[in-house]
file upload_39.cif (mmCIF, C-alpha atoms and all ligand atoms)
data_input
#
loop_
_atom_site.group_PDB
_atom_site.id
_atom_site.type_symbol
_atom_site.label_atom_id
_atom_site.label_comp_id
_atom_site.auth_asym_id
_atom_site.auth_seq_id
_atom_site.Cartn_x
_atom_site.Cartn_y
_atom_site.Cartn_z
ATOM 1 C CA MET P 1 0.000 0.000 0.000
ATOM 2 C CA ILE P 2 1.067 3.592 -0.550
ATOM 3 C CA THR P 3 3.085 4.697 2.465
ATOM 4 C CA ARG P 4 2.490 7.820 4.482
ATOM 5 C CA GLU P 5 5.775 9.235 3.138
ATOM 6 C CA GLU P 6 4.746 8.568 -0.467
ATOM 7 C CA ALA P 7 1.347 10.140 0.141
ATOM 8 C CA TYR P 8 2.920 13.192 1.753
ATOM 9 C CA LYS P 9 5.253 13.579 -1.217
ATOM 10 C CA LEU P 10 2.347 13.293 -3.649
ATOM 11 C CA LEU P 11 0.547 16.010 -1.669
ATOM 12 C CA THR P 12 3.465 18.406 -1.403
ATOM 13 C CA ASP P 13 4.532 17.866 -5.024
ATOM 14 C CA ASN P 14 1.102 19.111 -6.089
ATOM 15 C CA VAL P 15 0.115 21.612 -3.415
ATOM 16 C CA LYS P 16 2.194 24.710 -2.820
ATOM 17 C CA ASN P 17 -0.148 26.638 -0.493
ATOM 18 C CA LYS P 18 1.091 26.079 3.056
ATOM 19 C CA ASN P 19 -2.375 26.516 4.561
ATOM 20 C CA LEU P 20 -3.815 23.875 2.276
ATOM 21 C CA ILE P 21 -1.067 21.441 3.313
ATOM 22 C CA ARG P 22 -1.902 22.243 6.952
ATOM 23 C CA HIS P 23 -5.568 21.609 6.228
ATOM 24 C CA CYS P 24 -4.661 18.178 4.849
ATOM 25 C CA LEU P 25 -2.545 17.437 7.942
ATOM 26 C CA ALA P 26 -5.477 18.444 10.166
ATOM 27 C CA VAL P 27 -7.834 16.137 8.290
ATOM 28 C CA GLU P 28 -5.251 13.336 8.400
ATOM 29 C CA ALA P 29 -4.936 13.617 12.190
ATOM 30 C CA SER P 30 -8.725 13.754 12.578
ATOM 31 C CA MET P 31 -9.200 10.704 10.385
ATOM 32 C CA LYS P 32 -6.665 8.684 12.347
ATOM 33 C CA SER P 33 -8.464 9.523 15.576
ATOM 34 C CA LEU P 34 -11.832 8.663 14.054
ATOM 35 C CA ALA P 35 -10.425 5.363 12.779
ATOM 36 C CA ALA P 36 -9.224 4.611 16.308
ATOM 37 C CA TYR P 37 -12.696 5.488 17.621
ATOM 38 C CA PHE P 38 -14.300 3.055 15.184
ATOM 39 C CA SER P 39 -11.512 0.438 15.501
ATOM 40 C CA ALA P 40 -10.938 0.885 11.772
ATOM 41 C CA ASN P 41 -7.731 1.073 9.723
ATOM 42 C CA GLU P 42 -5.892 4.155 11.022
ATOM 43 C CA GLU P 43 -3.281 4.009 8.294
ATOM 44 C CA ALA P 44 -5.798 3.962 5.430
ATOM 45 C CA TRP P 45 -8.048 6.616 6.987
ATOM 46 C CA GLY P 46 -5.026 8.829 7.641
ATOM 47 C CA ILE P 47 -3.851 8.522 4.027
ATOM 48 C CA ALA P 48 -7.321 9.469 2.751
ATOM 49 C CA GLY P 49 -7.317 12.535 4.986
ATOM 50 C CA LEU P 50 -3.817 13.526 3.961
ATOM 51 C CA LEU P 51 -4.520 13.153 0.241
ATOM 52 C CA HIS P 52 -8.157 14.244 -0.091
ATOM 53 C CA ASP P 53 -7.348 17.732 -1.464
ATOM 54 C CA ALA P 54 -4.045 16.914 -3.204
ATOM 55 C CA ASP P 55 -5.451 17.947 -6.601
ATOM 56 C CA TRP P 56 -7.038 21.141 -5.292
ATOM 57 C CA GLU P 57 -4.567 23.482 -6.972
ATOM 58 C CA ALA P 58 -4.702 21.474 -10.204
ATOM 59 C CA THR P 59 -8.512 21.790 -10.273
ATOM 60 C CA LYS P 60 -9.128 25.165 -8.674
ATOM 61 C CA ASP P 61 -10.900 26.480 -11.780
ATOM 62 C CA THR P 62 -12.792 23.242 -12.406
ATOM 63 C CA PRO P 63 -14.378 22.145 -9.105
ATOM 64 C CA GLU P 64 -16.223 19.319 -10.850
ATOM 65 C CA GLN P 65 -12.781 17.801 -11.557
ATOM 66 C CA HIS P 66 -11.625 17.996 -7.915
ATOM 67 C CA THR P 67 -10.880 14.421 -6.727
ATOM 68 C CA LEU P 68 -11.296 13.003 -10.256
ATOM 69 C CA VAL P 69 -7.830 14.232 -11.224
ATOM 70 C CA LEU P 70 -6.463 12.863 -7.955
ATOM 71 C CA ALA P 71 -8.194 9.515 -8.542
ATOM 72 C CA ASP P 72 -6.417 9.401 -11.869
ATOM 73 C CA TRP P 73 -3.023 10.077 -10.252
ATOM 74 C CA LEU P 74 -3.757 7.366 -7.702
ATOM 75 C CA GLU P 75 -4.118 4.780 -10.474
ATOM 76 C CA ASP P 76 -0.317 4.492 -10.254
ATOM 77 C CA TRP P 77 -0.453 3.459 -6.596
ATOM 78 C CA ASP P 78 -1.547 0.418 -4.662
ATOM 79 C CA LEU P 79 -4.209 1.715 -2.277
ATOM 80 C CA GLY P 80 -5.183 -1.627 -0.771
ATOM 81 C CA ASP P 81 -8.882 -2.418 -0.511
ATOM 82 C CA GLU P 82 -9.909 -0.116 2.307
ATOM 83 C CA GLY P 83 -11.874 2.295 0.126
ATOM 84 C CA ILE P 84 -9.438 5.223 0.192
ATOM 85 C CA LYS P 85 -10.291 6.362 -3.318
ATOM 86 C CA GLU P 86 -14.046 6.094 -2.753
ATOM 87 C CA ALA P 87 -13.823 8.174 0.426
ATOM 88 C CA ILE P 88 -11.837 10.833 -1.426
ATOM 89 C CA LEU P 89 -14.311 10.892 -4.326
ATOM 90 C CA ALA P 90 -17.363 11.022 -2.040
ATOM 91 C CA HIS P 91 -16.118 14.099 -0.180
ATOM 92 C CA ASN P 92 -16.667 16.169 -3.350
ATOM 93 C CA HIS P 93 -19.840 14.422 -4.517
ATOM 94 C CA PHE P 94 -21.761 17.696 -4.806
ATOM 95 C CA HIS P 95 -19.478 18.718 -7.650
ATOM 96 C CA ASN P 96 -17.995 15.593 -9.207
ATOM 97 C CA GLY P 97 -21.169 13.532 -9.667
ATOM 98 C CA HIS P 98 -19.933 10.689 -7.436
ATOM 99 C CA GLU P 99 -22.330 8.986 -5.032
ATOM 100 C CA PRO P 100 -22.722 10.662 -1.617
ATOM 101 C CA PRO P 101 -20.808 9.125 1.302
ATOM 102 C CA GLN P 102 -22.137 5.788 2.521
ATOM 103 C CA THR P 103 -19.632 4.098 4.819
ATOM 104 C CA GLN P 104 -18.268 5.252 8.183
ATOM 105 C CA PHE P 105 -14.985 5.918 6.430
ATOM 106 C CA GLU P 106 -16.615 8.127 3.788
ATOM 107 C CA TRP P 107 -18.816 10.010 6.251
ATOM 108 C CA SER P 108 -15.895 10.554 8.621
ATOM 109 C CA LEU P 109 -13.879 12.253 5.889
ATOM 110 C CA TYR P 110 -16.870 14.289 4.760
ATOM 111 C CA CYS P 111 -17.730 15.585 8.243
ATOM 112 C CA ALA P 112 -14.175 16.035 9.562
ATOM 113 C CA ASP P 113 -13.071 17.928 6.448
ATOM 114 C CA GLU P 114 -15.594 20.662 7.189
ATOM 115 C CA LEU P 115 -15.140 20.714 10.960
ATOM 116 C CA THR P 116 -11.383 21.313 10.759
ATOM 117 C CA GLY P 117 -12.169 24.635 9.070
ATOM 118 C CA LEU P 118 -14.395 25.764 11.921
ATOM 119 C CA ILE P 119 -11.783 24.750 14.492
ATOM 120 C CA VAL P 120 -9.028 26.638 12.656
ATOM 121 C CA ALA P 121 -11.279 29.730 12.688
ATOM 122 C CA CYS P 122 -11.797 29.273 16.446
ATOM 123 C CA ALA P 123 -8.026 29.022 16.954
ATOM 124 C CA LEU P 124 -7.330 32.150 14.901
ATOM 125 C CA VAL P 125 -9.406 34.307 17.282
ATOM 126 C CA GLN P 126 -7.511 33.025 20.345
ATOM 127 C CA PRO P 127 -4.671 35.033 21.881
ATOM 128 C CA ASN P 128 -1.534 34.026 19.921
ATOM 129 C CA LYS P 129 -3.779 32.007 17.594
ATOM 130 C CA ASN P 130 -3.244 29.087 19.940
ATOM 131 C CA ILE P 131 -5.341 26.005 19.245
ATOM 132 C CA GLY P 132 -4.340 24.697 22.667
ATOM 133 C CA THR P 133 -6.745 27.127 24.337
ATOM 134 C CA VAL P 134 -9.717 26.276 22.122
ATOM 135 C CA THR P 135 -12.319 24.298 24.060
ATOM 136 C CA VAL P 136 -15.152 22.069 22.894
ATOM 137 C CA ASP P 137 -17.565 24.566 24.513
ATOM 138 C CA SER P 138 -16.134 27.470 22.552
ATOM 139 C CA VAL P 139 -16.518 25.573 19.267
ATOM 140 C CA MET P 140 -20.078 24.618 20.258
ATOM 141 C CA ARG P 141 -20.854 28.301 20.927
ATOM 142 C CA LYS P 142 -19.541 29.312 17.502
ATOM 143 C CA PHE P 143 -21.397 26.508 15.777
ATOM 144 C CA PRO P 144 -24.788 28.267 15.454
ATOM 145 C CA GLU P 145 -23.190 31.680 14.755
ATOM 146 C CA SER P 146 -23.546 31.657 10.998
ATOM 147 C CA ALA P 147 -21.605 34.910 10.523
ATOM 148 C CA PHE P 148 -18.551 33.313 12.152
ATOM 149 C CA ALA P 149 -16.492 31.286 9.653
ATOM 150 C CA ALA P 150 -19.375 31.759 7.242
ATOM 151 C CA GLY P 151 -17.786 29.489 4.638
ATOM 152 C CA VAL P 152 -18.110 26.457 6.902
ATOM 153 C CA ASP P 153 -21.246 24.471 6.077
ATOM 154 C CA ARG P 154 -22.555 23.434 9.499
ATOM 155 C CA SER P 155 -25.035 20.994 7.992
ATOM 156 C CA LYS P 156 -22.169 18.930 6.560
ATOM 157 C CA ILE P 157 -20.638 18.590 10.026
ATOM 158 C CA GLN P 158 -23.981 17.743 11.615
ATOM 159 C CA ASN P 159 -24.162 14.595 9.525
ATOM 160 C CA CYS P 160 -21.921 13.072 12.215
ATOM 161 C CA GLU P 161 -24.990 12.525 14.362
ATOM 162 C CA ALA P 162 -27.180 10.593 11.919
ATOM 163 C CA GLU P 163 -24.447 8.995 9.814
ATOM 164 C CA LEU P 164 -21.731 8.238 12.356
ATOM 165 C CA ASN P 165 -23.851 8.021 15.468
ATOM 166 C CA ILE P 166 -21.557 10.469 17.260
ATOM 167 C CA ASP P 167 -23.193 13.506 18.882
ATOM 168 C CA LEU P 168 -21.864 16.844 17.704
ATOM 169 C CA GLU P 169 -20.088 17.656 20.962
ATOM 170 C CA SER P 170 -18.218 14.343 20.999
ATOM 171 C CA PHE P 171 -17.350 14.697 17.346
ATOM 172 C CA ILE P 172 -15.875 18.144 17.987
ATOM 173 C CA GLU P 173 -13.950 16.726 20.933
ATOM 174 C CA ILE P 174 -12.343 13.967 18.835
ATOM 175 C CA VAL P 175 -11.353 16.307 15.987
ATOM 176 C CA LEU P 176 -10.209 19.160 18.248
ATOM 177 C CA LYS P 177 -8.010 16.835 20.296
ATOM 178 C CA ALA P 178 -6.485 15.322 17.152
ATOM 179 C CA MET P 179 -5.658 18.790 15.842
ATOM 180 C CA GLN P 180 -4.261 19.980 19.180
ATOM 181 C CA GLU P 181 -1.834 17.049 19.150
ATOM 182 C CA ILE P 182 -0.266 18.351 15.936
ATOM 183 C CA ALA P 183 -0.604 22.073 16.794
ATOM 184 C CA GLU P 184 2.967 22.783 15.752
ATOM 185 C CA ASP P 185 2.501 21.279 12.281
ATOM 186 C CA LEU P 186 -0.663 23.352 11.926
ATOM 187 C CA GLY P 187 1.130 26.552 12.941
ATOM 188 C CA LEU P 188 -1.537 27.095 15.622
HETATM 189 FE FE FE N 1 -11.951 18.893 -1.122
HETATM 190 FE FE FE N 2 -10.615 19.482 2.459
#
call {"tool": "encode", "arguments": {"input": "upload_39.cif", "output": "structure tokens", "more": "lines below"}}
Ligand SMILES: [Fe+2]
Ligand SMILES: [Fe+2]
result
Amino acid sequence: MITREEAYKLLTDNVKNKNLIRHCLAVEASMKSLAAYFSANEEAWGIAGLLHDADWEATKDTPEQHTLVLADWLEDWDLGDEGIKEAILAHNHFHNGHEPPQTQFEWSLYCADELTGLIVACALVQPNKNIGTVTVDSVMRKFPESAFAAGVDRSKIQNCEAELNIDLESFIEIVLKAMQEIAEDLGL
């Protein structure tokens, strides 16, 4: 299977924006924690998180191609049979015509992808932009404030309840903790 190092190289060969690389690292960490929560394959879930936006810069003017280009690149790699490619494709189903998420793996990527953005926004309003001082309560308070981090689609995140059977507060806790553990890599 593609190694973490190979996946990271594929990401950084194709993404130059530092914040986008950080976003991918945040989603990777979240996915590994969610895999641990579900006793799933942490390695495969982490790779999906790390790679999910690797073709973002290549497709920035053609959102319907986002993930399709990446899926094409991934033809050269052995991804095992854990559903990495399907999870990546499903996260952009609104644009690429793929089926919506169905499995825990696919829903985890879909929900965590969006939540990391809200948590970054919460960190950026902390003194010293420190994610270490962000609390689950503070993220919960910002959740219904639609003017805060207005680009974050709360309804996507809320799918965690029906699709993953994890209440919103617990879902935030898992993702926040995962991100706090790699605060330095996130520059937060
Ligand atoms: Fe994406
Ligand atoms: Fe993303």
call {"tool": "residues_near_ligand", "arguments": {"input": "upload_39.cif", "ligand": "ligand FE 2 (chain N)", "cutoff": "8 Å", "atoms": "all atoms listed in the file", "output": "list in words"}}
result
His23, Cys24, Val27, His52, Asp53, Asp113 and Glu114 of chain P
call {"tool": "closest_atom_pairs", "arguments": {"input": "upload_39.cif", "of": "chain P", "to": "ligand FE 1 (chain N)", "cutoff": "10 Å", "atoms": "only C-alpha atoms and all ligand atoms", "output": "CSV"}}
result
residue,atom,partner,partner_atom,distance
P:Cys24,CA,N:FE1,FE,9.5
P:Gly49,CA,N:FE1,FE,10.0
P:Leu51,CA,N:FE1,FE,9.5
P:His52,CA,N:FE1,FE,6.1
P:Asp53,CA,N:FE1,FE,4.8
P:Ala54,CA,N:FE1,FE,8.4
P:Asp55,CA,N:FE1,FE,8.6
P:Trp56,CA,N:FE1,FE,6.8
P:Pro63,CA,N:FE1,FE,9.0
P:His66,CA,N:FE1,FE,6.9
P:Thr67,CA,N:FE1,FE,7.2
P:Ile88,CA,N:FE1,FE,8.1
P:Leu89,CA,N:FE1,FE,8.9
P:Ala90,CA,N:FE1,FE,9.6
P:His91,CA,N:FE1,FE,6.4
P:Asn92,CA,N:FE1,FE,5.9
P:His93,CA,N:FE1,FE,9.7
P:His95,CA,N:FE1,FE,10.0
P:Leu109,CA,N:FE1,FE,9.8
P:Tyr110,CA,N:FE1,FE,8.9
P:Asp113,CA,N:FE1,FE,7.7
P:Glu114,CA,N:FE1,FE,9.2
call {"tool": "write_last_selection", "arguments": {"input": "upload_39.cif", "atoms": "C-alpha atoms", "output": "short mmCIF file (atom, residue, chain, number, x, y, z; two decimals), keeping the file's coordinate frame"}}
result
data_model
loop_
_atom_site.label_atom_id
_atom_site.label_comp_id
_atom_site.auth_asym_id
_atom_site.auth_seq_id
_atom_site.Cartn_x
_atom_site.Cartn_y
_atom_site.Cartn_z
CA CYS P 24 -4.66 18.18 4.85
CA GLY P 49 -7.32 12.54 4.99
CA LEU P 51 -4.52 13.15 0.24
CA HIS P 52 -8.16 14.24 -0.09
CA ASP P 53 -7.35 17.73 -1.46
CA ALA P 54 -4.04 16.91 -3.20
CA ASP P 55 -5.45 17.95 -6.60
CA TRP P 56 -7.04 21.14 -5.29
CA PRO P 63 -14.38 22.14 -9.10
CA HIS P 66 -11.62 18.00 -7.92
CA THR P 67 -10.88 14.42 -6.73
CA ILE P 88 -11.84 10.83 -1.43
CA LEU P 89 -14.31 10.89 -4.33
CA ALA P 90 -17.36 11.02 -2.04
CA HIS P 91 -16.12 14.10 -0.18
CA ASN P 92 -16.67 16.17 -3.35
CA HIS P 93 -19.84 14.42 -4.52
CA HIS P 95 -19.48 18.72 -7.65
CA LEU P 109 -13.88 12.25 5.89
CA TYR P 110 -16.87 14.29 4.76
CA ASP P 113 -13.07 17.93 6.45
CA GLU P 114 -15.59 20.66 7.19
#
call {"tool": "resolve_selection", "arguments": {"input": "upload_39.cif", "expression": "the PyMOL selection byres (((chain P and resi 101-107) around 9) and not hetatm)", "output": "VMD selection string"}}
result
chain P and resid 31 34 to 35 38 40 45 82 to 84 86 to 91 93 98 to 100 108 to 112 159 to 160 163 to 164
call {"tool": "atom_distance", "arguments": {"input": "upload_39.cif", "atom1": "atom CA of P:Pro144", "atom2": "atom CA of P:Leu20"}}
result
25.2 Å
call {"tool": "closest_residue", "arguments": {"input": "upload_39.cif", "among": "P:Met179, P:Ile174, P:Leu10, P:Ala162", "to": "P:Leu70", "atoms": "all atoms listed in the file"}}
result
P:Leu10
call {"tool": "resolve_selection", "arguments": {"input": "upload_39.cif", "expression": "the PyMOL selection byres (((chain P and resi 153) around 10) and not hetatm)", "output": "VMD selection string"}}
result
chain P and resid 111 114 to 115 117 to 118 143 146 149 to 152 154 to 158
call {"tool": "residues_around", "arguments": {"input": "upload_39.cif", "residues": "P:Lys32", "least_positions_apart": "4", "cutoff": "10 Å", "atoms": "only C-alpha atoms", "output": "NGL selection string"}}
result
:P and (27-28 or 36-38 or 40-49 or 175 or 178)
call {"tool": "atom_distance", "arguments": {"input": "upload_39.cif", "atom1": "atom CA of P:Leu124", "atom2": "atom CA of P:Glu169"}}
result
20.2 Å
call {"tool": "closest_residue", "arguments": {"input": "upload_39.cif", "among": "P:Ile21, P:Val69, P:Leu188, P:Val125", "to": "P:Lys142", "atoms": "only C-alpha atoms"}}
result
P:Val125
call {"tool": "closest_residue", "arguments": {"input": "upload_39.cif", "among": "P:Ala58, P:Leu50, P:Ile131, P:Cys122", "to": "P:Val15", "atoms": "only C-alpha atoms"}}
result
P:Ala58
call {"tool": "residues_around", "arguments": {"input": "upload_39.cif", "residues": "P:Ala183", "least_positions_apart": "5", "cutoff": "12 Å", "atoms": "all atoms listed in the file", "output": "number ranges by chain"}}
result
P: 22-23, 25-26, 29, 119-120, 123, 129-134, 176-178, 188
call {"tool": "closest_residue", "arguments": {"input": "upload_39.cif", "among": "P:Leu79, P:Leu68, P:Trp73, P:Asp167", "to": "P:Thr3", "atoms": "only C-alpha atoms"}}
result
P:Leu79
call {"tool": "atom_distance", "arguments": {"input": "upload_39.cif", "atom1": "atom CA of P:Phe148", "atom2": "atom CA of P:Asn128"}}
result
18.7 Å
call {"tool": "residues_around", "arguments": {"input": "upload_39.cif", "residues": "P:Glu173", "least_positions_apart": "5", "cutoff": "9 Å", "atoms": "all atoms listed in the file", "output": "VMD selection string"}}
result
chain P and resid 135 to 136 168 178
call {"tool": "axis_aligned_box", "arguments": {"input": "upload_39.cif", "around": "stretch 29-40 of chain P", "padding_each_side": "3 Å", "output": "JSON"}}
result
{"center_x": -9.6, "center_y": 7.1, "center_z": 14.0, "size_x": 15.4, "size_y": 19.3, "size_z": 13.2}
call {"tool": "closest_residue", "arguments": {"input": "upload_39.cif", "among": "P:Thr116, P:Gln65, P:Lys9, P:Met1", "to": "P:Asp81", "atoms": "all atoms listed in the file"}}
result
P:Met1
call {"tool": "decode", "arguments": {"input": "upload_39.cif", "residues": "stretch 49-75 of chain P", "atoms": "N, CA and C atoms", "output": "compact mmCIF listing (two decimals), in the first residue's frame"}}
result
# COMPACT_ATOMS: atom_id res chain seq x y z
N GLY P 49 -7.26 11.16 4.48
CA GLY P 49 -7.32 12.53 4.99
C GLY P 49 -6.18 13.38 4.43
N LEU P 50 -5.00 12.80 4.43
CA LEU P 50 -3.82 13.53 3.96
C LEU P 50 -3.95 13.89 2.48
N LEU P 51 -4.50 12.97 1.70
CA LEU P 51 -4.52 13.15 0.24
C LEU P 51 -5.78 13.83 -0.31
N HIS P 52 -6.84 13.96 0.49
CA HIS P 52 -8.16 14.24 -0.09
C HIS P 52 -8.20 15.50 -0.97
N ASP P 53 -7.34 16.49 -0.66
CA ASP P 53 -7.35 17.73 -1.46
C ASP P 53 -6.07 17.90 -2.28
N ALA P 54 -5.35 16.81 -2.54
CA ALA P 54 -4.05 16.91 -3.20
C ALA P 54 -4.14 17.49 -4.62
N ASP P 55 -5.31 17.38 -5.25
CA ASP P 55 -5.45 17.95 -6.60
C ASP P 55 -6.16 19.30 -6.59
N TRP P 56 -6.29 19.89 -5.41
CA TRP P 56 -7.04 21.14 -5.29
C TRP P 56 -6.47 22.25 -6.19
N GLU P 57 -5.16 22.40 -6.16
CA GLU P 57 -4.57 23.48 -6.97
C GLU P 57 -4.67 23.16 -8.46
N ALA P 58 -4.59 21.88 -8.79
CA ALA P 58 -4.70 21.47 -10.20
C ALA P 58 -6.13 21.67 -10.74
N THR P 59 -7.10 21.74 -9.84
CA THR P 59 -8.51 21.79 -10.27
C THR P 59 -9.23 23.04 -9.76
N LYS P 60 -8.46 24.04 -9.35
CA LYS P 60 -9.13 25.16 -8.67
C LYS P 60 -10.13 25.91 -9.58
N ASP P 61 -9.93 25.83 -10.87
CA ASP P 61 -10.90 26.48 -11.78
C ASP P 61 -11.95 25.51 -12.31
N THR P 62 -11.83 24.26 -11.95
CA THR P 62 -12.79 23.24 -12.41
C THR P 62 -13.20 22.36 -11.23
N PRO P 63 -14.03 22.89 -10.33
CA PRO P 63 -14.38 22.14 -9.11
C PRO P 63 -15.00 20.78 -9.38
N GLU P 64 -15.62 20.63 -10.55
CA GLU P 64 -16.22 19.32 -10.85
C GLU P 64 -15.13 18.26 -11.11
N GLN P 65 -13.89 18.73 -11.34
CA GLN P 65 -12.78 17.80 -11.56
C GLN P 65 -12.04 17.45 -10.26
N HIS P 66 -12.32 18.23 -9.19
CA HIS P 66 -11.63 18.00 -7.92
C HIS P 66 -11.93 16.58 -7.41
N THR P 67 -10.92 15.85 -7.13
CA THR P 67 -10.88 14.42 -6.73
C THR P 67 -10.83 13.46 -7.93
N LEU P 68 -11.37 13.88 -9.08
CA LEU P 68 -11.30 13.00 -10.26
C LEU P 68 -9.86 12.98 -10.78
N VAL P 69 -9.23 14.14 -10.80
CA VAL P 69 -7.83 14.23 -11.22
C VAL P 69 -6.95 13.43 -10.26
N LEU P 70 -7.22 13.60 -8.98
CA LEU P 70 -6.46 12.86 -7.96
C LEU P 70 -6.67 11.35 -8.12
N ALA P 71 -7.91 10.95 -8.36
CA ALA P 71 -8.19 9.52 -8.54
C ALA P 71 -7.38 8.96 -9.70
N ASP P 72 -7.22 9.78 -10.72
CA ASP P 72 -6.42 9.40 -11.87
C ASP P 72 -4.94 9.23 -11.48
N TRP P 73 -4.41 10.19 -10.73
CA TRP P 73 -3.02 10.08 -10.25
C TRP P 73 -2.85 8.81 -9.43
N LEU P 74 -3.87 8.49 -8.63
CA LEU P 74 -3.76 7.37 -7.70
C LEU P 74 -3.82 6.01 -8.40
N GLU P 75 -4.16 6.03 -9.69
CA GLU P 75 -4.12 4.78 -10.47
C GLU P 75 -2.73 4.15 -10.43
